[in-house]
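Notes follow the structure.
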Amino acid sequence: MTKTYPPLTAYRVHLSDGSSYVTEMAAGVTLEDARAYFVGQRFEQSDEKTILEAVAVEPVEVSL
């Protein structure tokens with residue numbers, strides 16, 4: 001018997017420098033959950049000097 005799982009959710013996280021990235025999250029994570037988790041978080045960049053902050057989150061359609 002094949003078990004069916006609900007689809008993952010995906011969100012685009014926008015950073016304070018205008019860049020963004022897409023991340024997949026567990027099924028059932030809502031846009032409100034993702035915003036509460038990401039917005040305001042700070043991300044240290046690889047140069048170890050630049051700190052970017054997540055400023056917005058939007059849903060992305062996941063295609064399988």
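Residues in the structure tokens are named by chain (A, B, ... in the order shown) and by number from 1 within that chain; ligands are numbered from 1 in the order shown.
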
Sel. of strand (DSSP E or B) residues, chain A, as an mmCIF file with N, CA, C and O atoms, in the first residue's frame:
data_model
loop_
_atom_site.group_PDB
_atom_site.id
_atom_site.type_symbol
_atom_site.label_atom_id
_atom_site.label_comp_id
_atom_site.auth_asym_id
_atom_site.auth_seq_id
_atom_site.Cartn_x
_atom_site.Cartn_y
_atom_site.Cartn_z
ATOM 1 N N THR A 9 4.893 22.991 1.644
ATOM 2 C CA THR A 9 4.600 24.380 1.350
ATOM 3 C C THR A 9 5.919 25.057 1.017
ATOM 4 O O THR A 9 6.979 24.626 1.466
ATOM 5 N N ALA A 10 5.875 26.091 0.211
ATOM 6 C CA ALA A 10 7.086 26.814 -0.155
ATOM 7 C C ALA A 10 6.821 28.304 -0.036
ATOM 8 O O ALA A 10 5.725 28.783 -0.342
ATOM 9 N N TYR A 11 7.832 29.024 0.410
ATOM 10 C CA TYR A 11 7.708 30.468 0.613
ATOM 11 C C TYR A 11 8.954 31.174 0.119
ATOM 12 O O TYR A 11 10.056 30.664 0.245
ATOM 13 N N ARG A 12 8.756 32.361 -0.471
ATOM 14 C CA ARG A 12 9.869 33.227 -0.854
ATOM 15 C C ARG A 12 10.088 34.205 0.292
ATOM 16 O O ARG A 12 9.181 34.912 0.703
ATOM 17 N N VAL A 13 11.319 34.216 0.814
ATOM 18 C CA VAL A 13 11.693 35.100 1.908
ATOM 19 C C VAL A 13 12.464 36.271 1.310
ATOM 20 O O VAL A 13 13.478 36.067 0.640
ATOM 21 N N HIS A 14 11.971 37.493 1.508
ATOM 22 C CA HIS A 14 12.614 38.698 0.986
ATOM 23 C C HIS A 14 13.495 39.301 2.077
ATOM 24 O O HIS A 14 13.061 39.451 3.228
ATOM 25 N N LEU A 15 14.718 39.671 1.682
ATOM 26 C CA LEU A 15 15.687 40.221 2.625
ATOM 27 C C LEU A 15 15.850 41.726 2.435
ATOM 28 O O LEU A 15 15.464 42.289 1.411
ATOM 29 N N SER A 20 16.213 37.656 -2.354
ATOM 30 C CA SER A 20 15.233 36.735 -1.787
ATOM 31 C C SER A 20 15.683 35.307 -2.049
ATOM 32 O O SER A 20 16.576 35.063 -2.860
ATOM 33 N N TYR A 21 15.072 34.385 -1.345
ATOM 34 C CA TYR A 21 15.317 32.966 -1.590
ATOM 35 C C TYR A 21 14.040 32.204 -1.310
ATOM 36 O O TYR A 21 13.143 32.693 -0.612
ATOM 37 N N VAL A 22 13.939 31.006 -1.895
ATOM 38 C CA VAL A 22 12.763 30.158 -1.700
ATOM 39 C C VAL A 22 13.139 29.018 -0.775
ATOM 40 O O VAL A 22 14.199 28.414 -0.918
ATOM 41 N N THR A 23 12.264 28.729 0.166
ATOM 42 C CA THR A 23 12.476 27.615 1.087
ATOM 43 C C THR A 23 11.214 26.774 1.158
ATOM 44 O O THR A 23 10.100 27.306 1.115
ATOM 45 N N GLU A 24 11.379 25.471 1.224
ATOM 46 C CA GLU A 24 10.251 24.563 1.409
ATOM 47 C C GLU A 24 10.119 24.251 2.886
ATOM 48 O O GLU A 24 11.115 24.128 3.595
ATOM 49 N N MET A 25 8.873 24.143 3.308
ATOM 50 C CA MET A 25 8.586 23.855 4.712
ATOM 51 C C MET A 25 7.620 22.682 4.779
ATOM 52 O O MET A 25 7.044 22.281 3.778
ATOM 53 N N ARG A 42 17.494 37.755 11.521
ATOM 54 C CA ARG A 42 18.705 38.298 10.917
ATOM 55 C C ARG A 42 19.571 37.155 10.415
ATOM 56 O O ARG A 42 19.678 36.118 11.061
ATOM 57 N N PHE A 43 20.186 37.377 9.242
ATOM 58 C CA PHE A 43 20.999 36.366 8.603
ATOM 59 C C PHE A 43 22.394 36.931 8.363
ATOM 60 O O PHE A 43 22.546 37.922 7.646
ATOM 61 N N GLU A 44 23.394 36.307 8.967
ATOM 62 C CA GLU A 44 24.777 36.717 8.740
ATOM 63 C C GLU A 44 25.236 36.138 7.414
ATOM 64 O O GLU A 44 25.061 34.956 7.140
ATOM 65 N N ILE A 51 24.893 41.770 7.787
ATOM 66 C CA ILE A 51 23.718 41.174 8.414
ATOM 67 C C ILE A 51 22.492 41.642 7.636
ATOM 68 O O ILE A 51 22.276 42.841 7.469
ATOM 69 N N LEU A 52 21.717 40.705 7.136
ATOM 70 C CA LEU A 52 20.482 41.022 6.434
ATOM 71 C C LEU A 52 19.306 40.592 7.294
ATOM 72 O O LEU A 52 19.406 39.632 8.063
ATOM 73 N N GLU A 53 18.193 41.293 7.141
ATOM 74 C CA GLU A 53 16.993 40.960 7.910
ATOM 75 C C GLU A 53 15.889 40.543 6.949
ATOM 76 O O GLU A 53 15.720 41.135 5.878
ATOM 77 N N ALA A 54 15.143 39.512 7.331
ATOM 78 C CA ALA A 54 13.985 39.095 6.551
ATOM 79 C C ALA A 54 12.885 40.134 6.755
ATOM 80 O O ALA A 54 12.559 40.480 7.891
ATOM 81 N N VAL A 55 12.357 40.657 5.633
ATOM 82 C CA VAL A 55 11.378 41.734 5.725
ATOM 83 C C VAL A 55 9.992 41.339 5.229
ATOM 84 O O VAL A 55 9.012 42.021 5.533
ATOM 85 N N ALA A 56 9.898 40.255 4.453
ATOM 86 C CA ALA A 56 8.601 39.823 3.938
ATOM 87 C C ALA A 56 8.669 38.362 3.531
ATOM 88 O O ALA A 56 9.747 37.827 3.266
ATOM 89 N N VAL A 57 7.494 37.739 3.480
ATOM 90 C CA VAL A 57 7.374 36.339 3.056
ATOM 91 C C VAL A 57 6.140 36.237 2.177
ATOM 92 O O VAL A 57 5.094 36.815 2.492
ATOM 93 N N GLU A 58 6.266 35.509 1.056
ATOM 94 C CA GLU A 58 5.115 35.288 0.192
ATOM 95 C C GLU A 58 5.077 33.825 -0.234
ATOM 96 O O GLU A 58 6.121 33.170 -0.298
ATOM 97 N N PRO A 59 3.896 33.304 -0.511
ATOM 98 C CA PRO A 59 3.788 31.901 -0.917
ATOM 99 C C PRO A 59 4.318 31.675 -2.324
ATOM 100 O O PRO A 59 4.273 32.575 -3.168
ATOM 101 N N VAL A 60 4.851 30.483 -2.557
ATOM 102 C CA VAL A 60 5.326 30.053 -3.873
ATOM 103 C C VAL A 60 4.657 28.725 -4.161
ATOM 104 O O VAL A 60 4.613 27.843 -3.300
#

Could you give me, as a PyMOL selection string, each residue of chain A that DSSP assigns to alpha helix (DSSP H) when run on this structure's backbone?
chain A and resi 31-38

File of the preceding selection, C-alpha atoms, as a JSON list (two decimals), in the first residue's frame:
[["chain", "number", "residue", "atom", "x", "y", "z"],
["A", 31, "LEU", "CA", 1.74, 31.76, 5.41],
["A", 32, "GLU", "CA", 1.07, 33.29, 8.81],
["A", 33, "ASP", "CA", 3.34, 30.68, 10.45],
["A", 34, "ALA", "CA", 6.11, 31.36, 7.93],
["A", 35, "ARG", "CA", 5.83, 35.13, 8.39],
["A", 36, "ALA", "CA", 5.92, 34.79, 12.18],
["A", 37, "TYR", "CA", 9.03, 32.61, 11.91],
["A", 38, "PHE", "CA", 11.04, 34.54, 9.29]]

With only C-alpha atoms as the atoms that count, which of A:Thr50, A:Lys3, A:Leu8, A:Glu61 lies nearest to A:Val29?
A:Leu8
